[in-house]
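J.: The following block contains the structure, expressed as structure tokens.
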Protein chains: 6
Amino acid sequence: MYDPAQARIEAESVKAICEKYQQNEDPVFRARAIQIKEQRADLVKHHLWVLWTDYFKPPHFERYPHLHQLFNEATKLAGAAGAKQATDPAKAEELLDKIDEIAKVFWETKQA
Amino acid sequence: MYDPAQARIEAESVKAICEKYQQNEDPVFRARAIQIKEQRADLVKHHLWVLWTDYFKPPHFERYPHLHQLFNEATKLAGAAGAKQATDPAKAEELLDKIDEIAKVFWETKQA
Amino acid sequence: MYDPAQARIEAESVKAICEKYQQNEDPVFRARAIQIKEQRADLVKHHLWVLWTDYFKPPHFERYPHLHQLFNEATKLAGAAGAKQATDPAKAEELLDKIDEIAKVFWETKQA
Amino acid sequence: MYDPAQARIEAESVKAICEKYQQNEDPVFRARAIQIKEQRADLVKHHLWVLWTDYFKPPHFERYPHLHQLFNEATKLAGAAGAKQATDPAKAEELLDKIDEIAKVFWETKQA
Amino acid sequence: MYDPAQARIEAESVKAICEKYQQNEDPVFRARAIQIKEQRADLVKHHLWVLWTDYFKPPHFERYPHLHQLFNEATKLAGAAGAKQATDPAKAEELLDKIDEIAKVFWETKQA
Amino acid sequence: MYDPAQARIEAESVKAICEKYQQNEDPVFRARAIQIKEQRADLVKHHLWVLWTDYFKPPHFERYPHLHQLFNEATKLAGAAGAKQATDPAKAEELLDKIDEIAKVFWETKQA
């Protein structure tokens, strides 16, 4: 049920929207793109929050003491990437990297 | 903008629904109550997540090292209180207490 | 299925929001609170309307000739309590009292 | 802002759906039609409730003592016309007649 | 499952709204009517698009070479009828005629 | 305002979901993925329909006589890619290619 892939798919959307945004200067297209980007970034946040609250249990947080902070940084990055003025694909790339760090921990706990 | 009162209002709803649930044995009323309770518990979670990601900054987490865990416990309690089988007002009361612990930290950071 | 408790739960939310509103002067918090209050007051109205149309039958209205007016006053009070400028918990209290009058009739008809 | 025409437009939709339902025996089409019919009947109810609570004032109810009952009958008819098994256009026609009775009172109060 | 009647019901709503619009000069009523009209016109478009993409197959388009254009004209008319400034029932009537042309083709393909 | 990039972003999501689907055998994850995939494929359809009805005008269809069919094939592919049993990224790739054909025509008309 839980899988960081959900957050990743939405974060990839955020990045793709930033790229298309750079290629089209039409203000109506851009306004619409910004709006969808915010919704997708909110979905990233939501998937990460659900993972943090519903999948990870106290023993996980004991074994991975930096896990709380990792999630907090990831959701903050998602918020930043969803902001109106954030249209640089590099910002979305940072978010993708952070999600991958979480995914690494996630799959270790699954194999344990 | 941020205020733990938002989470508290919804948690009070969760508790009130548990109380009314105990007083009415009609299965249709109960099914409906369970449904609303789940929605309100989801709102509690959402308000707490937003507070944790958007209001609290790295220096806060340094000063209050247990804050991450406090939020994680609170959102887990909200999830538990929203579950189908959770109809005991005492469970909602626990959630309210945890929200009050967060509120205490919140108001300290506001005055700082 | 029908129970005035549904309207009561939402009306209690309206009252709780008025109380939190008085305690936090942040304009963004207040704007958000006003918005939620309106939604909850709309739910009060909705639950009362459903009760009036779907639960109560012609013989009930014959036995309780003031029942139509009671509902009309209650839904009007809910509308007033949901209005932007209504932030006095006393107003929400009036609404709660009116819902209790309806609940009294409701439970009499259930026992009949 | 208030106008019984809103309820009438939706009630006409309910009637049109009943007519198309009679002409197409495809079970998927019928299931979909039933669903839309219920939504439109709910809109009829909603528009009537709003009119009853928000437009009409105590002096109106004094001058038209049967007005409460008229609305109660109309919303009950809307509920009946929205029900799964109700596919007879004649039923929707009854609802339209009742809405017209309300509209007659409405326009008298507007001219007063 | 597919039936041009769905588009027709919504297009009849669009026409009915235009008629009521002409009869009530209240600006709030009109603003609300315009809003509902747009939603219903969007539903017309949607039902037509679904029919064009999901019901009609390549052999149909071969047999009826003007069918693509017929749908394109119909959805353009729906867009026009849903526009803010479009309040002439005659415009909605044109849309209804175009839907009837589609319905004629539709029923021929059903009997084939 | 119009740009095939909107359809492309959603189609890329569809493809990404197919890829993650192949990598996670958890039935709950897969069920959820299928659901999101259907929503994103519906958005592809919607963006293409809007482009076909609202952006392209009669002279465009005269100059590009295959344009109607191109859109019809693209929306049919989107429908296929959104279907429950469609989890092969290659299918989503076909959709992306078709969208690129439309994009080519689109940008030619923009430069004309």
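Identifiers in this document derive from the order of the structure tokens: chains are assigned A, B, ..., residues are numbered from 1 separately in each chain, and ligands are numbered from 1 in order of occurrence.
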Need the shell around Asp42 of chain F: protein/DNA/RNA residues with any atom at most 12 Å away, counting only C-alpha atoms. Skip same-chain ones fewer than 5 positions apart. Format as a VMD selection string?
T.: (chain E and resid 46 49 to 50 53) or (chain F and resid 7 10 to 11 13 to 14 35 to 37 47 to 49 75 to 83)
J.: Please produce an output containing C-alpha atoms for each residue in the selection, written as a short mmCIF file (atom, residue, chain, number, x, y, z; two decimals), in the first residue's frame.
T.:
```cif
data_model
loop_
_atom_site.label_atom_id
_atom_site.label_comp_id
_atom_site.auth_asym_id
_atom_site.auth_seq_id
_atom_site.Cartn_x
_atom_site.Cartn_y
_atom_site.Cartn_z
CA HIS E 46 -18.26 16.35 -22.19
CA TRP E 49 -16.65 14.21 -26.52
CA VAL E 50 -17.21 10.86 -24.81
CA THR E 53 -14.08 9.11 -28.64
CA ALA F 7 -1.70 16.60 -22.39
CA GLU F 10 -0.34 13.91 -17.91
CA ALA F 11 0.64 11.25 -20.45
CA SER F 13 2.49 10.57 -15.56
CA VAL F 14 0.56 7.66 -17.06
CA GLN F 35 -6.86 4.54 -9.98
CA ILE F 36 -4.46 7.48 -10.34
CA LYS F 37 -3.50 6.29 -13.82
CA HIS F 47 -6.75 18.45 -22.59
CA LEU F 48 -6.89 16.95 -26.09
CA TRP F 49 -10.63 17.52 -26.40
CA THR F 75 -8.09 10.34 -27.31
CA LYS F 76 -8.85 6.68 -28.00
CA LEU F 77 -5.21 5.83 -27.08
CA ALA F 78 -5.57 7.86 -23.88
CA GLY F 79 -8.70 5.91 -23.03
CA ALA F 80 -6.85 2.64 -23.68
CA ALA F 81 -3.85 3.69 -21.58
CA GLY F 82 -6.16 4.60 -18.70
CA ALA F 83 -7.91 1.24 -18.67
#
```
J.: Write out as a CSV table (one decimal) with all heavy atoms, in the first residue's frame which residues come within 12 Å of Leu70 of chain F when counting only C-alpha atoms, dropping same-chain ones fewer than 6 positions away.
T.:
```
chain,number,residue,atom,x,y,z
E,53,THR,N,-15.3,9.9,-28.9
E,53,THR,CA,-14.1,9.1,-28.6
E,53,THR,C,-14.4,7.7,-28.3
E,53,THR,O,-13.7,6.7,-28.8
E,53,THR,CB,-13.3,9.7,-27.5
E,53,THR,OG1,-12.7,10.9,-27.9
E,53,THR,CG2,-12.1,8.8,-27.0
E,58,PRO,N,-13.6,3.5,-36.0
E,58,PRO,CA,-13.1,3.8,-37.3
E,58,PRO,C,-14.1,3.5,-38.5
E,58,PRO,O,-14.3,4.4,-39.3
E,58,PRO,CB,-11.8,3.1,-37.4
E,58,PRO,CG,-11.3,3.1,-36.1
E,58,PRO,CD,-12.5,2.9,-35.2
E,68,HIS,N,-16.9,13.6,-38.0
E,68,HIS,CA,-15.9,14.4,-37.2
E,68,HIS,C,-16.3,15.8,-37.1
E,68,HIS,O,-16.3,16.4,-36.0
E,68,HIS,CB,-14.5,14.3,-37.8
E,68,HIS,CG,-13.8,13.0,-37.6
E,68,HIS,ND1,-13.7,12.4,-36.4
E,68,HIS,CD2,-13.1,12.2,-38.5
E,68,HIS,CE1,-13.0,11.2,-36.5
E,68,HIS,NE2,-12.6,11.1,-37.8
F,48,LEU,N,-6.8,17.1,-24.6
F,48,LEU,CA,-6.9,17.0,-26.1
F,48,LEU,C,-8.2,17.4,-26.6
F,48,LEU,O,-8.3,18.1,-27.7
F,48,LEU,CB,-6.6,15.5,-26.5
F,48,LEU,CG,-5.2,15.0,-26.2
F,48,LEU,CD1,-5.2,13.5,-26.5
F,48,LEU,CD2,-4.2,15.7,-27.1
F,49,TRP,N,-9.3,17.1,-25.9
F,49,TRP,CA,-10.6,17.5,-26.4
F,49,TRP,C,-10.7,19.0,-26.5
F,49,TRP,O,-11.3,19.6,-27.4
F,49,TRP,CB,-11.7,17.0,-25.4
F,49,TRP,CG,-12.0,15.5,-25.6
F,49,TRP,CD1,-11.9,14.8,-26.8
F,49,TRP,CD2,-12.6,14.6,-24.6
F,49,TRP,NE1,-12.4,13.5,-26.5
F,49,TRP,CE2,-12.8,13.4,-25.2
F,49,TRP,CE3,-12.9,14.8,-23.3
F,49,TRP,CZ2,-13.3,12.3,-24.5
F,49,TRP,CZ3,-13.4,13.7,-22.6
F,49,TRP,CH2,-13.6,12.4,-23.2
F,52,TRP,N,-8.9,20.4,-29.4
F,52,TRP,CA,-9.6,20.1,-30.6
F,52,TRP,C,-10.8,21.0,-30.8
F,52,TRP,O,-11.1,21.4,-31.9
F,52,TRP,CB,-10.0,18.6,-30.6
F,52,TRP,CG,-10.8,18.1,-31.8
F,52,TRP,CD1,-10.4,18.1,-33.1
F,52,TRP,CD2,-12.2,17.7,-31.8
F,52,TRP,NE1,-11.4,17.6,-33.9
F,52,TRP,CE2,-12.5,17.3,-33.2
F,52,TRP,CE3,-13.1,17.5,-30.8
F,52,TRP,CZ2,-13.7,16.8,-33.5
F,52,TRP,CZ3,-14.4,17.0,-31.2
F,52,TRP,CH2,-14.7,16.7,-32.5
F,61,PHE,N,-8.7,22.8,-39.9
F,61,PHE,CA,-9.1,21.5,-40.3
F,61,PHE,C,-9.1,21.3,-41.9
F,61,PHE,O,-8.9,20.2,-42.4
F,61,PHE,CB,-10.5,21.2,-39.8
F,61,PHE,CG,-10.5,21.0,-38.3
F,61,PHE,CD1,-11.2,21.9,-37.4
F,61,PHE,CD2,-9.8,20.0,-37.6
F,61,PHE,CE1,-11.1,21.8,-36.1
F,61,PHE,CE2,-9.8,19.9,-36.3
F,61,PHE,CZ,-10.4,20.8,-35.5
F,64,TYR,N,-5.3,20.8,-42.6
F,64,TYR,CA,-4.8,19.5,-42.1
F,64,TYR,C,-6.0,18.5,-42.1
F,64,TYR,O,-6.6,18.3,-41.0
F,64,TYR,CB,-4.2,19.7,-40.7
F,64,TYR,CG,-3.1,20.6,-40.7
F,64,TYR,CD1,-3.3,22.0,-40.4
F,64,TYR,CD2,-1.8,20.2,-40.9
F,64,TYR,CE1,-2.2,22.8,-40.3
F,64,TYR,CE2,-0.7,21.0,-40.9
F,64,TYR,CZ,-0.9,22.4,-40.6
F,64,TYR,OH,0.2,23.2,-40.5
F,76,LYS,N,-8.6,8.1,-28.2
F,76,LYS,CA,-8.8,6.7,-28.0
F,76,LYS,C,-7.6,6.0,-27.3
F,76,LYS,O,-7.8,5.1,-26.5
F,76,LYS,CB,-9.1,6.0,-29.4
F,76,LYS,CG,-10.5,6.1,-29.9
F,76,LYS,CD,-10.8,5.3,-31.1
F,76,LYS,CE,-12.2,5.1,-31.5
F,76,LYS,NZ,-13.0,6.3,-31.9
F,77,LEU,N,-6.4,6.4,-27.7
F,77,LEU,CA,-5.2,5.8,-27.1
F,77,LEU,C,-5.2,6.2,-25.6
F,77,LEU,O,-4.7,5.4,-24.8
F,77,LEU,CB,-3.9,6.3,-27.8
F,77,LEU,CG,-3.5,5.6,-29.1
F,77,LEU,CD1,-2.3,6.4,-29.7
F,77,LEU,CD2,-3.1,4.2,-28.8
F,95,LEU,N,0.9,6.7,-27.0
F,95,LEU,CA,0.1,7.9,-26.7
F,95,LEU,C,1.0,9.1,-26.8
F,95,LEU,O,0.6,10.1,-27.4
F,95,LEU,CB,-0.5,7.8,-25.3
F,95,LEU,CG,-1.3,9.0,-24.8
F,95,LEU,CD1,-2.4,9.4,-25.7
F,95,LEU,CD2,-1.8,8.7,-23.4
F,97,ASP,N,3.7,9.5,-28.5
F,97,ASP,CA,4.1,9.8,-29.9
F,97,ASP,C,2.9,10.5,-30.6
F,97,ASP,O,3.1,11.4,-31.4
F,97,ASP,CB,4.4,8.4,-30.6
F,97,ASP,CG,5.7,7.8,-30.1
F,97,ASP,OD1,6.4,8.6,-29.5
F,97,ASP,OD2,5.9,6.6,-30.4
F,98,LYS,N,1.7,10.0,-30.4
F,98,LYS,CA,0.5,10.6,-31.0
F,98,LYS,C,0.4,12.1,-30.6
F,98,LYS,O,0.0,13.0,-31.4
F,98,LYS,CB,-0.7,9.8,-30.7
F,98,LYS,CG,-1.9,10.0,-31.6
F,98,LYS,CD,-1.7,9.6,-33.0
F,98,LYS,CE,-2.0,8.1,-33.3
F,98,LYS,NZ,-1.8,7.7,-34.7
F,99,ILE,N,0.6,12.3,-29.3
F,99,ILE,CA,0.5,13.7,-28.8
F,99,ILE,C,1.6,14.6,-29.5
F,99,ILE,O,1.3,15.7,-29.9
F,99,ILE,CB,0.6,13.8,-27.3
F,99,ILE,CG1,-0.6,13.1,-26.6
F,99,ILE,CG2,0.8,15.2,-26.8
F,99,ILE,CD1,-0.4,12.9,-25.1
F,100,ASP,N,2.7,14.0,-29.7
F,100,ASP,CA,3.8,14.8,-30.4
F,100,ASP,C,3.4,15.1,-31.9
F,100,ASP,O,3.8,16.2,-32.4
F,100,ASP,CB,5.1,14.0,-30.4
F,100,ASP,CG,5.7,14.0,-29.0
F,100,ASP,OD1,5.3,14.8,-28.1
F,100,ASP,OD2,6.6,13.2,-28.7
F,101,GLU,N,2.7,14.2,-32.5
F,101,GLU,CA,2.2,14.5,-33.9
F,101,GLU,C,1.2,15.7,-33.8
F,101,GLU,O,1.3,16.6,-34.7
F,101,GLU,CB,1.4,13.3,-34.5
F,101,GLU,CG,2.3,12.2,-34.9
F,101,GLU,CD,1.5,11.1,-35.6
F,101,GLU,OE1,0.8,11.4,-36.7
F,101,GLU,OE2,1.5,9.9,-35.1
F,102,ILE,N,0.4,15.7,-32.8
F,102,ILE,CA,-0.6,16.8,-32.7
F,102,ILE,C,0.2,18.1,-32.4
F,102,ILE,O,-0.1,19.2,-32.9
F,102,ILE,CB,-1.6,16.6,-31.6
F,102,ILE,CG1,-2.6,15.5,-32.1
F,102,ILE,CG2,-2.3,17.8,-31.1
F,102,ILE,CD1,-3.5,15.0,-31.0
F,103,ALA,N,1.2,18.0,-31.5
F,103,ALA,CA,2.0,19.2,-31.1
F,103,ALA,C,2.7,19.8,-32.4
F,103,ALA,O,2.8,21.0,-32.5
F,103,ALA,CB,3.0,18.8,-30.1
F,104,LYS,N,3.1,18.9,-33.3
F,104,LYS,CA,3.8,19.4,-34.5
F,104,LYS,C,2.9,20.3,-35.3
F,104,LYS,O,3.2,21.4,-35.7
F,104,LYS,CB,4.3,18.2,-35.3
F,104,LYS,CG,5.4,18.5,-36.3
F,104,LYS,CD,5.9,17.2,-36.9
F,104,LYS,CE,6.6,17.5,-38.3
F,104,LYS,NZ,5.6,17.9,-39.3
F,105,VAL,N,1.6,19.8,-35.5
F,105,VAL,CA,0.6,20.6,-36.2
F,105,VAL,C,0.3,21.9,-35.5
F,105,VAL,O,0.3,23.0,-36.0
F,105,VAL,CB,-0.7,19.8,-36.4
F,105,VAL,CG1,-1.8,20.7,-37.0
F,105,VAL,CG2,-0.4,18.5,-37.2
F,106,PHE,N,0.2,21.7,-34.1
F,106,PHE,CA,-0.1,22.9,-33.3
F,106,PHE,C,0.9,24.0,-33.5
F,106,PHE,O,0.5,25.2,-33.7
F,106,PHE,CB,-0.2,22.4,-31.8
F,106,PHE,CG,-0.4,23.6,-30.9
F,106,PHE,CD1,-1.7,24.0,-30.6
F,106,PHE,CD2,0.7,24.2,-30.2
F,106,PHE,CE1,-1.9,25.1,-29.7
F,106,PHE,CE2,0.5,25.2,-29.3
F,106,PHE,CZ,-0.8,25.7,-29.0
```
J.: Up to 8 Å from chain F, what residues of chain A turn up? Count only C-alpha atoms and give them as a PDB file with C-alpha atoms, in the first residue's frame.
T.:
```pdb
ATOM      1  CA  MET A   1       0.000   0.000   0.000  1.00  0.00           C
ATOM      2  CA  TYR A   2       2.736   2.447   0.953  1.00  0.00           C
ATOM      3  CA  ASP A   3       5.438   3.233  -1.551  1.00  0.00           C
ATOM      4  CA  ALA A   5       6.859   5.875  -5.775  1.00  0.00           C
ATOM      5  CA  GLN A   6       3.597   7.763  -5.340  1.00  0.00           C
ATOM      6  CA  ILE A   9       5.421  10.271  -9.716  1.00  0.00           C
ATOM      7  CA  GLU A  10       3.961  13.580  -8.571  1.00  0.00           C
ATOM      8  CA  GLU A  12       8.282  14.099 -11.652  1.00  0.00           C
ATOM      9  CA  SER A  13       5.136  15.910 -12.785  1.00  0.00           C
ATOM     10  CA  ALA A  16       8.009  18.231 -16.149  1.00  0.00           C
ATOM     11  CA  ILE A  17       5.740  21.245 -15.609  1.00  0.00           C
ATOM     12  CA  LYS A  20       7.272  23.045 -20.200  1.00  0.00           C
ATOM     13  CA  ASP A  26       2.120  32.518 -23.057  1.00  0.00           C
ATOM     14  CA  PRO A  27       0.913  34.063 -19.770  1.00  0.00           C
ATOM     15  CA  VAL A  28      -2.337  32.053 -19.711  1.00  0.00           C
ATOM     16  CA  PHE A  29      -0.491  28.797 -20.263  1.00  0.00           C
ATOM     17  CA  ARG A  30       1.973  29.724 -17.547  1.00  0.00           C
ATOM     18  CA  ARG A  32      -2.455  27.330 -15.651  1.00  0.00           C
ATOM     19  CA  ALA A  33       0.848  25.440 -15.367  1.00  0.00           C
TER      20      ALA A  33
END
```
J.: Computed after least-squares fitting of chain A to chain E on all C-alpha atoms in order, what is the RMSD in Å?
T.: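 Result: 0.0 Å C-alpha RMSD.
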J.: Check the smallest atom-to-atom distance from each of F:Ala86, F:Ala112, F:Trp107, F:Gln69 to Lys57 of chain E using only C-alpha atoms, then report the winner.
T.: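 The closest residue to Lys57 of chain E is F:Gln69.
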J.: List every residue of chain B that DSSP, applied to the backbone of this structure, assigns to helix (DSSP H, G or I), and report them as number ranges by chain.
T.: B: 5-23, 27-55, 58-63, 67-82, 89-111
J.: Grab the residues selected above and save them as a tab-separated table (two decimals), in the first residue's frame with C-alpha atoms.
T.:
```tsv
chain	number	residue	atom	x	y	z
B	5	ALA	CA	-6.70	25.58	17.36
B	6	GLN	CA	-7.64	24.34	13.89
B	7	ALA	CA	-6.59	20.80	14.74
B	8	ARG	CA	-8.27	21.14	18.13
B	9	ILE	CA	-11.66	22.15	16.68
B	10	GLU	CA	-11.70	19.07	14.48
B	11	ALA	CA	-10.52	16.82	17.31
B	12	GLU	CA	-13.36	18.14	19.46
B	13	SER	CA	-15.72	17.15	16.65
B	14	VAL	CA	-14.25	13.66	16.66
B	15	LYS	CA	-14.89	13.44	20.40
B	16	ALA	CA	-18.45	14.80	20.11
B	17	ILE	CA	-19.23	12.26	17.38
B	18	CYS	CA	-18.00	9.42	19.63
B	19	GLU	CA	-20.34	10.64	22.36
B	20	LYS	CA	-23.39	10.85	20.08
B	21	TYR	CA	-22.49	7.46	18.63
B	22	GLN	CA	-22.79	5.91	22.10
B	23	GLN	CA	-26.25	7.43	22.51
B	27	PRO	CA	-27.09	1.38	12.41
B	28	VAL	CA	-27.62	3.96	9.66
B	29	PHE	CA	-26.94	6.83	12.04
B	30	ARG	CA	-23.84	5.05	13.29
B	31	ALA	CA	-22.51	4.34	9.80
B	32	ARG	CA	-22.94	8.01	8.89
B	33	ALA	CA	-21.31	9.14	12.14
B	34	ILE	CA	-18.30	6.88	11.51
B	35	GLN	CA	-17.90	8.41	8.08
B	36	ILE	CA	-17.95	12.01	9.33
B	37	LYS	CA	-15.63	11.06	12.17
B	38	GLU	CA	-13.09	9.75	9.67
B	39	GLN	CA	-13.26	12.98	7.65
B	40	ARG	CA	-12.79	15.13	10.75
B	41	ALA	CA	-9.86	12.99	11.93
B	42	ASP	CA	-8.31	13.43	8.49
B	43	LEU	CA	-8.63	17.19	8.95
B	44	VAL	CA	-6.87	16.90	12.32
B	45	LYS	CA	-4.02	15.06	10.61
B	46	HIS	CA	-3.90	17.60	7.81
B	47	HIS	CA	-3.79	20.63	10.14
B	48	LEU	CA	-1.01	18.99	12.18
B	49	TRP	CA	1.02	18.09	9.09
B	50	VAL	CA	0.77	21.65	7.78
B	51	LEU	CA	1.91	23.01	11.12
B	52	TRP	CA	4.85	20.60	11.24
B	53	THR	CA	5.99	21.30	7.67
B	54	ASP	CA	5.07	24.92	7.10
B	55	TYR	CA	5.21	26.66	10.47
B	58	PRO	CA	14.96	24.05	11.72
B	59	PRO	CA	15.85	26.22	14.77
B	60	HIS	CA	12.57	25.18	16.45
B	61	PHE	CA	13.39	21.51	15.99
B	62	GLU	CA	16.84	22.13	17.48
B	63	ARG	CA	15.39	23.81	20.54
B	67	LEU	CA	8.94	17.97	18.58
B	68	HIS	CA	9.19	15.67	15.56
B	69	GLN	CA	8.11	12.72	17.66
B	70	LEU	CA	5.34	14.70	19.31
B	71	PHE	CA	3.83	15.46	15.89
B	72	ASN	CA	4.30	11.91	14.71
B	73	GLU	CA	2.48	10.61	17.79
B	74	ALA	CA	-0.29	13.17	17.42
B	75	THR	CA	-0.96	12.34	13.76
B	76	LYS	CA	-0.87	8.61	14.58
B	77	LEU	CA	-3.43	9.23	17.35
B	78	ALA	CA	-5.61	11.17	14.90
B	79	GLY	CA	-5.42	8.23	12.51
B	80	ALA	CA	-6.41	5.86	15.31
B	81	ALA	CA	-9.32	8.07	16.45
B	82	GLY	CA	-10.61	8.24	12.88
B	89	PRO	CA	-14.46	9.33	23.57
B	90	ALA	CA	-11.44	8.57	25.79
B	91	LYS	CA	-9.37	7.93	22.65
B	92	ALA	CA	-10.32	11.33	21.26
B	93	GLU	CA	-9.44	12.82	24.65
B	94	GLU	CA	-5.88	11.45	24.33
B	95	LEU	CA	-5.61	13.13	20.95
B	96	LEU	CA	-6.80	16.42	22.45
B	97	ASP	CA	-4.12	16.17	25.16
B	98	LYS	CA	-1.40	15.59	22.56
B	99	ILE	CA	-2.60	18.58	20.53
B	100	ASP	CA	-2.40	20.66	23.72
B	101	GLU	CA	1.25	19.64	24.17
B	102	ILE	CA	1.95	20.86	20.64
B	103	ALA	CA	0.01	24.06	21.30
B	104	LYS	CA	2.18	24.73	24.33
B	105	VAL	CA	5.36	24.55	22.22
B	106	PHE	CA	3.69	26.55	19.46
B	107	TRP	CA	2.84	29.49	21.74
B	108	GLU	CA	6.32	29.46	23.29
B	109	THR	CA	7.86	29.84	19.83
B	110	LYS	CA	5.42	32.64	19.04
B	111	GLN	CA	6.48	34.61	22.12
```
J.: What is the distance between atom CA of Asp88 of chain F and atom CA of His66 of chain F, in Å to one decimal?
T.: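 Atom-to-atom, atom CA of Asp88 of chain F to atom CA of His66 of chain F, that is 27.7 Å.
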